$ cat final24.txt   # compact mmCIF, C-alpha atoms and all ligand atoms
# COMPACT_ATOMS: atom_id res chain seq x y z
CA MET A 1 -36.85 -6.67 -11.07
CA THR A 2 -33.41 -6.01 -9.60
CA THR A 3 -30.42 -5.71 -11.89
CA GLU A 4 -27.66 -5.24 -9.31
CA ARG A 5 -24.44 -6.70 -10.62
CA LYS A 6 -22.81 -8.75 -7.92
CA GLU A 7 -20.21 -11.37 -8.73
CA PRO A 8 -22.04 -14.62 -8.00
CA LYS A 9 -20.39 -16.81 -5.39
CA GLN A 10 -20.85 -20.55 -5.43
CA VAL A 11 -24.41 -20.42 -6.77
CA ASP A 12 -26.19 -23.31 -8.36
CA PRO A 13 -26.64 -22.60 -12.10
CA GLU A 14 -30.23 -23.75 -11.64
CA VAL A 15 -30.93 -20.57 -9.66
CA PHE A 16 -29.82 -18.49 -12.64
CA ARG A 17 -31.71 -20.64 -15.06
CA ARG A 18 -34.94 -20.11 -13.14
CA ARG A 19 -34.31 -16.37 -13.02
CA VAL A 20 -33.83 -16.18 -16.80
CA GLU A 21 -36.90 -18.30 -17.32
CA GLU A 22 -38.98 -15.97 -15.20
CA LEU A 23 -37.65 -12.89 -16.98
CA ILE A 24 -38.48 -14.37 -20.36
CA ARG A 25 -41.96 -15.23 -19.21
CA ASN A 26 -42.46 -11.62 -18.05
CA PHE A 27 -41.11 -10.42 -21.36
CA GLU A 28 -44.24 -11.66 -23.06
CA SER A 29 -46.16 -8.52 -22.01
CA GLU A 30 -43.45 -6.16 -23.30
CA LEU A 31 -43.34 -8.01 -26.57
CA GLN A 32 -47.01 -7.18 -27.14
CA THR A 33 -46.53 -3.43 -26.80
CA GLU A 34 -46.04 -1.31 -29.90
CA ASN A 35 -43.12 0.53 -28.38
CA LEU A 36 -39.60 -0.56 -29.08
CA ARG A 37 -38.02 0.88 -25.98
CA PRO A 38 -39.87 -1.16 -23.31
CA LYS A 39 -38.92 -4.30 -25.20
CA VAL A 40 -35.26 -3.33 -25.25
CA LEU A 41 -35.31 -2.33 -21.59
CA ALA A 42 -36.95 -5.58 -20.61
CA LEU A 43 -34.34 -7.56 -22.51
CA VAL A 44 -31.46 -6.00 -20.59
CA PRO A 45 -31.94 -8.04 -17.38
CA ILE A 46 -32.41 -11.15 -19.52
CA PHE A 47 -29.04 -10.52 -21.10
CA HIS A 48 -27.46 -10.13 -17.68
CA GLY A 49 -29.28 -13.17 -16.40
CA LEU A 50 -27.95 -15.28 -19.26
CA ARG A 51 -24.49 -14.00 -18.58
CA ASP A 52 -24.70 -14.95 -14.93
CA LEU A 53 -25.94 -18.37 -15.92
CA GLY A 54 -23.00 -18.83 -18.30
CA LYS A 55 -20.54 -17.75 -15.62
CA ALA A 56 -22.13 -20.05 -13.04
CA LEU A 57 -21.40 -23.10 -15.21
CA ILE A 58 -17.82 -23.04 -13.92
CA PRO A 59 -17.87 -23.01 -10.10
CA SER A 60 -16.03 -20.03 -8.65
CA VAL A 61 -13.87 -22.32 -6.50
CA TYR A 62 -12.13 -23.28 -9.73
CA ALA A 63 -12.19 -19.91 -11.41
CA SER A 64 -13.70 -16.70 -10.12
CA ALA A 65 -12.46 -14.22 -12.74
CA ALA A 66 -13.31 -14.17 -16.44
CA ARG A 67 -9.76 -14.99 -17.48
CA ASP A 68 -9.60 -17.92 -15.08
CA ARG A 69 -12.85 -19.32 -16.42
CA ILE A 70 -11.50 -19.11 -19.97
CA LEU A 71 -8.35 -20.92 -18.92
CA TYR A 72 -10.35 -23.55 -17.02
CA TYR A 73 -12.39 -24.19 -20.15
CA PHE A 74 -9.34 -24.44 -22.43
CA ARG A 75 -7.60 -26.82 -20.04
CA LYS A 76 -10.67 -28.99 -19.87
CA TYR A 77 -10.56 -29.35 -23.67
CA PRO A 78 -6.92 -29.22 -24.79
CA GLY A 79 -6.40 -29.69 -28.51
CA ILE A 80 -10.12 -29.22 -29.16
CA VAL A 81 -11.30 -26.35 -31.34
CA ILE A 82 -13.23 -23.85 -29.19
CA ALA A 83 -15.45 -21.20 -30.77
CA GLY A 84 -15.18 -17.62 -29.58
CA ASP A 85 -18.86 -17.72 -28.67
CA GLU A 86 -18.19 -20.48 -26.14
CA LEU A 87 -15.67 -18.22 -24.44
CA LEU A 88 -18.26 -15.45 -24.47
CA VAL A 89 -20.59 -17.74 -22.52
CA VAL A 90 -18.12 -19.05 -19.94
CA SER A 91 -16.31 -15.76 -19.41
CA GLY A 92 -19.41 -13.59 -19.40
CA ILE A 93 -17.49 -10.74 -21.02
CA GLN A 94 -17.45 -9.32 -24.54
CA GLU A 95 -13.71 -8.72 -24.59
CA TYR A 96 -12.74 -12.35 -24.02
CA ALA A 97 -10.23 -12.11 -26.89
CA ARG A 98 -8.14 -9.77 -24.79
CA ARG A 99 -8.13 -12.24 -21.93
CA VAL A 100 -7.05 -14.99 -24.31
CA ARG A 101 -4.16 -12.82 -25.39
CA GLU A 102 -3.15 -12.28 -21.75
CA LEU A 103 -3.20 -16.03 -21.17
CA ARG A 104 -0.86 -16.40 -24.12
CA VAL A 105 1.47 -13.44 -23.59
CA GLN A 106 1.64 -13.03 -19.81
CA PHE A 107 1.03 -16.58 -18.69
CA GLY A 108 2.51 -18.70 -21.47
CA TRP A 109 -0.49 -20.78 -22.49
CA THR A 110 -0.14 -21.82 -26.12
CA VAL A 111 -3.54 -20.77 -27.35
CA ALA A 112 -3.59 -20.39 -31.13
CA SER A 113 -6.26 -18.59 -33.09
CA GLY A 114 -7.91 -19.89 -36.24
CA VAL A 115 -6.26 -17.09 -38.20
CA THR A 116 -2.77 -18.20 -37.23
CA ILE A 117 -3.44 -21.90 -37.82
CA LYS A 118 -4.80 -21.09 -41.26
CA GLU A 119 -1.74 -19.04 -42.18
CA MET A 120 0.47 -21.83 -40.91
CA SER A 121 -1.34 -24.49 -42.89
CA GLU A 122 -1.41 -22.47 -46.09
CA ASP A 123 2.31 -22.63 -46.36
CA GLN A 124 3.22 -26.09 -45.20
CA ASP A 125 1.45 -29.35 -45.50
CA ALA A 126 2.65 -29.88 -41.95
CA ASP A 127 1.19 -32.42 -39.58
CA ILE A 128 -1.81 -30.28 -38.77
CA PRO A 129 -4.78 -32.40 -37.68
CA ASN A 130 -7.83 -32.09 -39.92
CA GLU A 131 -10.00 -30.59 -37.19
CA LEU A 132 -7.53 -27.71 -36.85
CA MET A 133 -7.40 -27.23 -40.61
CA ALA A 134 -11.14 -26.56 -40.45
CA MET A 135 -10.85 -23.79 -37.84
CA LYS A 136 -12.70 -20.52 -38.41
CA PRO A 137 -10.92 -17.20 -37.78
CA SER A 138 -12.90 -16.72 -34.55
CA ASP A 139 -11.94 -20.15 -33.17
CA TYR A 140 -9.21 -20.97 -30.68
CA VAL A 141 -7.32 -24.04 -29.60
CA LEU A 142 -5.03 -24.79 -26.66
CA LEU A 143 -2.14 -26.56 -28.37
CA ASN A 144 -0.18 -27.62 -25.32
CA GLU A 145 -1.37 -28.58 -21.86
CA LEU A 146 1.81 -27.27 -20.26
CA GLN A 147 2.31 -23.66 -19.30
CA ASP A 148 5.49 -22.12 -20.74
CA ARG A 149 6.98 -20.01 -17.94
CA ASP A 150 9.47 -18.27 -20.25
CA ALA A 151 6.78 -16.98 -22.58
CA ALA A 152 6.33 -13.58 -20.96
CA HIS A 153 10.03 -12.84 -21.36
CA ARG A 154 10.00 -13.95 -24.99
CA TRP A 155 6.96 -11.82 -25.80
CA ASN A 156 8.86 -8.79 -24.52
CA VAL A 157 11.74 -9.60 -26.86
CA ALA A 158 9.23 -10.14 -29.66
CA ASN A 159 7.73 -6.75 -29.00
CA THR A 160 11.13 -5.06 -29.34
CA ILE A 161 12.08 -6.84 -32.55
CA ARG A 162 8.65 -6.27 -34.06
CA LYS A 163 9.16 -2.51 -33.87
CA GLU A 164 12.60 -2.53 -35.51
CA ARG A 165 13.24 -1.74 -39.14
CA GLY A 166 13.89 -4.57 -41.55
CA SER A 167 12.13 -7.24 -43.52
CA VAL A 168 9.77 -9.77 -41.98
CA ARG A 169 12.34 -12.49 -42.63
CA ASP A 170 15.11 -10.53 -40.87
CA LYS A 171 12.92 -9.99 -37.84
CA ILE A 172 11.86 -13.61 -37.65
CA LEU A 173 15.45 -14.78 -37.96
CA LYS A 174 16.59 -12.35 -35.29
CA TYR A 175 13.86 -13.53 -32.96
CA MET A 176 14.74 -17.16 -33.55
CA ARG A 177 18.44 -16.51 -33.00
CA ALA A 178 17.54 -14.85 -29.70
CA ASN A 179 15.80 -18.10 -28.70
CA VAL A 180 18.06 -20.90 -29.93
CA GLY A 181 16.93 -24.30 -28.72
CA LYS A 182 13.65 -23.00 -27.29
CA GLY A 183 10.19 -23.81 -28.56
CA ILE A 184 8.53 -20.71 -29.90
CA THR A 185 4.95 -20.57 -31.06
CA ASN A 186 3.22 -19.66 -34.31
CA GLU A 187 1.51 -16.79 -32.47
CA GLU A 188 4.86 -15.31 -31.44
CA LEU A 189 6.23 -15.51 -34.98
CA ARG A 190 3.11 -13.92 -36.40
CA TYR A 191 3.44 -11.11 -33.86
CA VAL A 192 7.14 -10.51 -34.63
CA ALA A 193 6.14 -10.33 -38.31
CA GLY A 194 3.80 -7.45 -37.47
CA ASP A 195 0.77 -9.73 -37.99
CA LYS A 196 1.65 -10.09 -41.66
CA THR A 197 0.34 -13.28 -43.21
CA GLU A 198 3.68 -14.00 -44.87
CA TRP A 199 5.28 -15.12 -41.58
CA ALA A 200 4.79 -18.84 -42.25
CA ARG A 201 6.33 -18.63 -45.72
CA ARG A 202 9.34 -16.72 -44.34
CA VAL A 203 9.91 -19.33 -41.66
CA ARG A 204 9.84 -22.08 -44.25
CA GLU A 205 12.31 -20.20 -46.46
CA LEU A 206 14.73 -19.84 -43.56
CA ARG A 207 14.78 -23.63 -43.40
CA THR A 208 14.53 -24.64 -47.04
CA GLU A 209 16.47 -21.83 -48.76
CA TYR A 210 18.83 -20.47 -46.13
CA GLY A 211 19.65 -23.68 -44.28
CA TRP A 212 18.71 -22.57 -40.77
CA PRO A 213 17.80 -25.62 -38.67
CA VAL A 214 14.25 -24.57 -37.89
CA ALA A 215 12.52 -27.74 -36.78
CA THR A 216 8.82 -28.42 -36.41
CA ARG A 217 6.85 -31.52 -35.69
CA SER A 218 6.95 -32.54 -39.34
CA THR A 219 10.49 -31.43 -40.14
CA GLY A 220 12.72 -33.32 -37.75
CA ARG A 221 11.15 -33.07 -34.32
CA PRO A 222 8.04 -35.25 -34.06
CA ASP A 223 8.16 -34.61 -30.29
CA LEU A 224 7.06 -30.97 -30.76
CA SER A 225 3.43 -29.86 -30.58
CA VAL A 226 1.62 -28.46 -33.59
CA GLY A 227 2.50 -24.80 -34.00
CA VAL A 228 5.86 -24.93 -32.20
CA TYR A 229 9.11 -24.01 -33.96
CA VAL A 230 12.67 -24.51 -32.68
CA LEU A 231 15.85 -23.03 -34.12
CA GLN A 232 18.00 -25.98 -33.08
CA ALA A 233 21.38 -24.28 -33.40
CA ASP A 234 22.75 -20.91 -34.40
CA ARG A 235 24.26 -22.20 -37.62
CA GLN A 236 23.26 -22.65 -41.24
CA SER A 237 23.71 -25.97 -42.97
CA PRO A 238 26.47 -26.15 -45.64
CA GLU A 239 25.53 -24.21 -48.76
CA HIS A 240 25.18 -27.30 -50.92
CA ASP A 241 22.79 -28.98 -48.47
CA ARG A 242 20.24 -26.19 -48.69
CA HIS A 243 17.30 -25.84 -51.07
CA ILE A 244 15.66 -29.08 -50.00
CA ALA A 245 11.89 -28.80 -50.14
CA ASP A 246 9.98 -29.60 -46.98
CA ASP A 247 8.09 -32.56 -48.42
CA ILE A 248 11.35 -34.23 -49.48
CA ARG A 249 12.94 -33.43 -46.12
CA ARG A 250 10.00 -34.97 -44.35
CA GLU A 251 10.14 -38.14 -46.42
CA VAL A 252 13.86 -38.57 -45.84
CA LEU A 253 13.52 -38.03 -42.09
CA ARG A 254 10.66 -40.50 -41.85
CA ARG A 255 12.45 -43.06 -43.98
CA ASP A 256 15.54 -42.75 -41.76
CA GLY A 257 13.47 -42.99 -38.57
CA TYR A 258 14.63 -39.54 -37.40
CA LYS A 259 18.09 -41.04 -36.75
CA CYS A 260 21.60 -40.26 -37.96
CA GLN A 261 22.40 -42.86 -40.60
CA ASP A 262 26.05 -43.00 -39.50
CA CYS A 263 25.88 -43.15 -35.69
CA ASN A 264 22.18 -43.69 -34.96
CA TRP A 265 21.88 -40.48 -32.92
CA SER A 266 18.33 -39.25 -32.41
CA HIS A 267 16.97 -36.18 -30.69
CA GLU A 268 16.05 -38.25 -27.63
CA GLU A 269 19.78 -38.34 -26.82
CA TRP A 270 20.10 -34.58 -26.96
CA ASN A 271 21.91 -32.99 -24.03
CA PRO A 272 23.35 -29.50 -23.45
CA SER A 273 26.97 -30.67 -23.44
CA ASP A 274 26.55 -32.28 -26.88
CA PRO A 275 23.93 -30.20 -28.64
CA ARG A 276 23.48 -31.85 -32.02
CA HIS A 277 20.57 -31.84 -34.40
CA LEU A 278 19.67 -33.71 -37.57
CA GLU A 279 20.54 -32.40 -41.02
CA ILE A 280 19.94 -33.73 -44.51
CA HIS A 281 23.06 -34.49 -46.54
CA HIS A 282 23.44 -34.99 -50.29
CA ILE A 283 25.25 -38.27 -50.95
CA LYS A 284 26.32 -37.01 -54.35
CA HIS A 285 26.82 -33.30 -53.83
CA HIS A 286 24.18 -30.99 -55.09
CA ALA A 287 26.88 -28.78 -56.64
CA LYS A 288 28.21 -31.80 -58.57
CA GLY A 289 24.81 -32.58 -60.02
CA GLY A 290 23.43 -34.64 -57.12
CA ALA A 291 19.68 -34.35 -57.22
CA ASN A 292 17.30 -33.27 -54.45
CA VAL A 293 15.60 -36.67 -54.48
CA LYS A 294 15.32 -38.86 -51.47
CA GLU A 295 17.55 -41.57 -52.97
CA ASN A 296 20.39 -39.03 -52.94
CA LEU A 297 19.69 -37.72 -49.47
CA LYS A 298 20.35 -39.04 -46.02
CA THR A 299 19.82 -37.97 -42.46
CA LEU A 300 22.94 -37.18 -40.44
CA CYS A 301 23.54 -35.68 -37.03
CA THR A 302 25.53 -32.45 -37.14
CA ALA A 303 28.62 -34.19 -35.67
CA CYS A 304 28.73 -36.86 -38.41
CA HIS A 305 27.76 -34.33 -41.06
CA ASP A 306 30.63 -32.02 -40.08
CA LYS A 307 33.03 -34.98 -40.12
CA ILE A 308 32.05 -35.95 -43.68
CA HIS A 309 32.56 -32.44 -44.99
CA ARG A 310 35.86 -32.01 -43.08
CA ASN A 311 37.24 -35.19 -44.62
CA GLU A 312 36.46 -33.94 -48.11
CA LYS A 313 38.74 -30.97 -47.74
ZN ZN A 401 25.81 -39.10 -36.33
ZN ZN A 402 26.28 -32.49 -46.47
$ encode --input "final24.txt" --output "structure tokens" --more "lines below"
Ligand SMILES: [Zn+2]
Ligand SMILES: [Zn+2]
Amino acid sequence: MTTERKEPKQVDPEVFRRRVEELIRNFESELQTENLRPKVLALVPIFHGLRDLGKALIPSVYASAARDRILYYFRKYPGIVIAGDELLVVSGIQEYARRVRELRVQFGWTVASGVTIKEMSEDQDADIPNELMAMKPSDYVLLNELQDRDAAHRWNVANTIRKERGSVRDKILKYMRANVGKGITNEELRYVAGDKTEWARRVRELRTEYGWPVATRSTGRPDLSVGVYVLQADRQSPEHDRHIADDIRREVLRRDGYKCQDCNWSHEEWNPSDPRHLEIHHIKHHAKGGANVKENLKTLCTACHDKIHRNEK
């Protein structure tokens, strides 16, 4: 039986299936021997045959290399949880995880791992669909069908900041401030944090304790995909409007329809010459005993919010 390893061209998977079937049938005689080694040796071509069959499932006109087959598979099932073993089958290589990382880092596909989604969900009851909440560490999901052409550049910046001294929070903030207005992914933030699980908590603190306008799908920007974070402006909200918990923030934003309660501005009207975002304002100031309850909070665009605080002075 030949075991030469040629990249199959447009071959019908049925050809590979028959080959595997034949090999398994022949394996019967090896299985009956007492010796271990002939069994192992006879299994080798079966392994290769299975691999060729897996690779042949995606025609080479669509994807001839392992990484392309992985991408083809992800794009066929966006938003669907894919097990690592599925990628093993379609790619035909053991080190598929490395190819996934290349898709993410060099090509800007927002593929998140089960590890990252879990860390994200542990710290915020964000709008994470139930099927993602159930992901295993070895699972993956393509979160966005669009390729992000700036990703490679950002990952380079992330790599620099990751190596610097400083706390995880400092590094995350620095990375966000280097990318104001741009969508950055959970995987990038985790990487900047040196793969430390605390990254999600630190991001939340930047928003809830330090007043940085870090928006997600559930905290002001329902247009964003799961796992995407945007520092909307390089400014912190006024001291007294900080310390609002995410669940309260979410309720207020939803109640107010994601619109400024003074001028009706919403993020859909955003443009570079008038870059506003939405903030949460205390009607009775927090410092004067105004509570962090939704009855005392309202959504304002940054222009109207600034005006209110200017007029108080
Ligand atoms: Zn306004
Ligand atoms: Zn305010």
$ residues_near_ligand --input "final24.txt" --ligand "ligand ZN 401 (chain A)" --cutoff "8 Å" --atoms "only C-alpha atoms and all ligand atoms" --output "list in words"
Lys259, Cys260, Gln261, Asp262, Cys263, Asn264, Trp265, Leu300, Cys301, Thr302, Ala303, Cys304 and His305 of chain A
$ residues_near_ligand --input "final24.txt" --ligand "ligand ZN 402 (chain A)" --cutoff "8 Å" --atoms "all atoms listed in the file" --output "list in words"
Ser237, Pro238, His240, Asp241, Glu279, Ile280, His281, His282, Ile283, His285, His305, Asp306, Ile308 and His309 of chain A
$ atom_distance --input "final24.txt" --atom1 "atom CA of Asn292 of chain A" --atom2 "atom CA of Glu251 of chain A"
11.8 Å
$ atom_distance --input "final24.txt" --atom1 "atom CA of Arg235 of chain A" --atom2 "atom CA of Glu312 of chain A"
19.9 Å
$ atom_distance --input "final24.txt" --atom1 "atom CA of Tyr191 of chain A" --atom2 "atom CA of Val115 of chain A"
12.2 Å
$ closest_atom_pairs --input "final24.txt" --of "segment 137-187 of chain A" --to "segment 72-86 of chain A" --cutoff "6 Å" --atoms "all atoms listed in the file" --output "tab-separated table"
residue	atom	partner	partner_atom	distance
A:Ser138	CA	A:Gly84	CA	5.5
A:Asp139	CA	A:Ala83	CA	4.4
A:Tyr140	CA	A:Ile82	CA	5.2
A:Val141	CA	A:Val81	CA	4.9
A:Leu142	CA	A:Pro78	CA	5.2
A:Leu143	CA	A:Gly79	CA	5.3
$ closest_residue --input "final24.txt" --among "A:Asp123, A:Asp148, A:Val293, A:Asp256" --to "Val203 of chain A" --atoms "all atoms listed in the file"
A:Asp123
$ closest_residue --input "final24.txt" --among "A:Trp270, A:Trp155, A:Trp212, A:Phe16" --to "Gly54 of chain A" --atoms "all atoms listed in the file"
A:Phe16
$ residues_near_point --input "final24.txt" --point "(19.2, -38.5, -47.6)" --cutoff "6 Å" --atoms "only C-alpha atoms" --output "list in words"
Val252, Ile280, His281, Lys294, Asn296, Leu297, Lys298 and Thr299 of chain A
$ residues_around --input "final24.txt" --residues "His243 of chain A" --least-positions-apart "3" --cutoff "9 Å" --atoms "all atoms listed in the file" --output "ChimeraX atom specification"
/A:205,207-211,239-240,292
$ closest_residue --input "final24.txt" --among "A:Glu30, A:Glu269, A:Asp195, A:Asp150" --to "Gln106 of chain A" --atoms "all atoms listed in the file"
A:Asp150
$ closest_residue --input "final24.txt" --among "A:Asn179, A:Ser121, A:Asn130, A:Asn35" --to "Arg154 of chain A" --atoms "all atoms listed in the file"
A:Asn179
$ closest_atom_pairs --input "final24.txt" --of "segment 98-155 of chain A" --to "segment 55-67 of chain A" --cutoff "9 Å" --atoms "all atoms listed in the file" --output "Markdown table"
| residue | atom | partner | partner_atom | distance |
| --- | --- | --- | --- | --- |
| A:Arg99 | CA | A:Arg67 | CA | 5.5 |
| A:Val100 | CA | A:Arg67 | CA | 7.3 |
| A:Glu102 | CA | A:Arg67 | CA | 8.3 |
| A:Leu103 | CA | A:Arg67 | CA | 7.6 |
$ write_last_selection --input "final24.txt" --atoms "C-alpha atoms" --output "PDB file, in the frame of the given file"
ATOM      1  CA  ARG A  99      -8.130 -12.240 -21.930  1.00  0.00           C
ATOM      2  CA  VAL A 100      -7.050 -14.990 -24.310  1.00  0.00           C
ATOM      3  CA  GLU A 102      -3.150 -12.280 -21.750  1.00  0.00           C
ATOM      4  CA  LEU A 103      -3.200 -16.030 -21.170  1.00  0.00           C
TER       5      LEU A 103
END
$ residues_around --input "final24.txt" --residues "Leu173 of chain A" --least-positions-apart "5" --cutoff "12 Å" --atoms "only C-alpha atoms" --output "VMD selection string"
chain A and resid 158 161 to 162 166 to 168 178 to 180 189 192 to 193 199 202 to 207 210 to 214 229 to 231 234 to 236
$ write_last_selection --input "final24.txt" --atoms "C-alpha atoms" --output "mmCIF file, in the coordinates of the input"
data_model
loop_
_atom_site.group_PDB
_atom_site.id
_atom_site.type_symbol
_atom_site.label_atom_id
_atom_site.label_comp_id
_atom_site.auth_asym_id
_atom_site.auth_seq_id
_atom_site.Cartn_x
_atom_site.Cartn_y
_atom_site.Cartn_z
ATOM 1 C CA ALA A 158 9.230 -10.140 -29.660
ATOM 2 C CA ILE A 161 12.080 -6.840 -32.550
ATOM 3 C CA ARG A 162 8.650 -6.270 -34.060
ATOM 4 C CA GLY A 166 13.890 -4.570 -41.550
ATOM 5 C CA SER A 167 12.130 -7.240 -43.520
ATOM 6 C CA VAL A 168 9.770 -9.770 -41.980
ATOM 7 C CA ALA A 178 17.540 -14.850 -29.700
ATOM 8 C CA ASN A 179 15.800 -18.100 -28.700
ATOM 9 C CA VAL A 180 18.060 -20.900 -29.930
ATOM 10 C CA LEU A 189 6.230 -15.510 -34.980
ATOM 11 C CA VAL A 192 7.140 -10.510 -34.630
ATOM 12 C CA ALA A 193 6.140 -10.330 -38.310
ATOM 13 C CA TRP A 199 5.280 -15.120 -41.580
ATOM 14 C CA ARG A 202 9.340 -16.720 -44.340
ATOM 15 C CA VAL A 203 9.910 -19.330 -41.660
ATOM 16 C CA ARG A 204 9.840 -22.080 -44.250
ATOM 17 C CA GLU A 205 12.310 -20.200 -46.460
ATOM 18 C CA LEU A 206 14.730 -19.840 -43.560
ATOM 19 C CA ARG A 207 14.780 -23.630 -43.400
ATOM 20 C CA TYR A 210 18.830 -20.470 -46.130
ATOM 21 C CA GLY A 211 19.650 -23.680 -44.280
ATOM 22 C CA TRP A 212 18.710 -22.570 -40.770
ATOM 23 C CA PRO A 213 17.800 -25.620 -38.670
ATOM 24 C CA VAL A 214 14.250 -24.570 -37.890
ATOM 25 C CA TYR A 229 9.110 -24.010 -33.960
ATOM 26 C CA VAL A 230 12.670 -24.510 -32.680
ATOM 27 C CA LEU A 231 15.850 -23.030 -34.120
ATOM 28 C CA ASP A 234 22.750 -20.910 -34.400
ATOM 29 C CA ARG A 235 24.260 -22.200 -37.620
ATOM 30 C CA GLN A 236 23.260 -22.650 -41.240
#
$ closest_residue --input "final24.txt" --among "A:Gly194, A:Gly183, A:Gly114, A:Gly289" --to "Thr216 of chain A" --atoms "all atoms listed in the file"
A:Gly183
$ closest_residue --input "final24.txt" --among "A:Pro272, A:Gly92, A:Pro222, A:Gly227" --to "Arg254 of chain A" --atoms "all atoms listed in the file"
A:Pro222
$ residues_around --input "final24.txt" --residues "Val228 of chain A" --least-positions-apart "5" --cutoff "10 Å" --atoms "all atoms listed in the file" --output "list in words"
Thr110, Leu143, Asn144, Lys182, Gly183, Ile184, Thr185, Asn186, Glu187, Glu188, Leu189, Ala215, Thr216, Arg217 and Arg221 of chain A
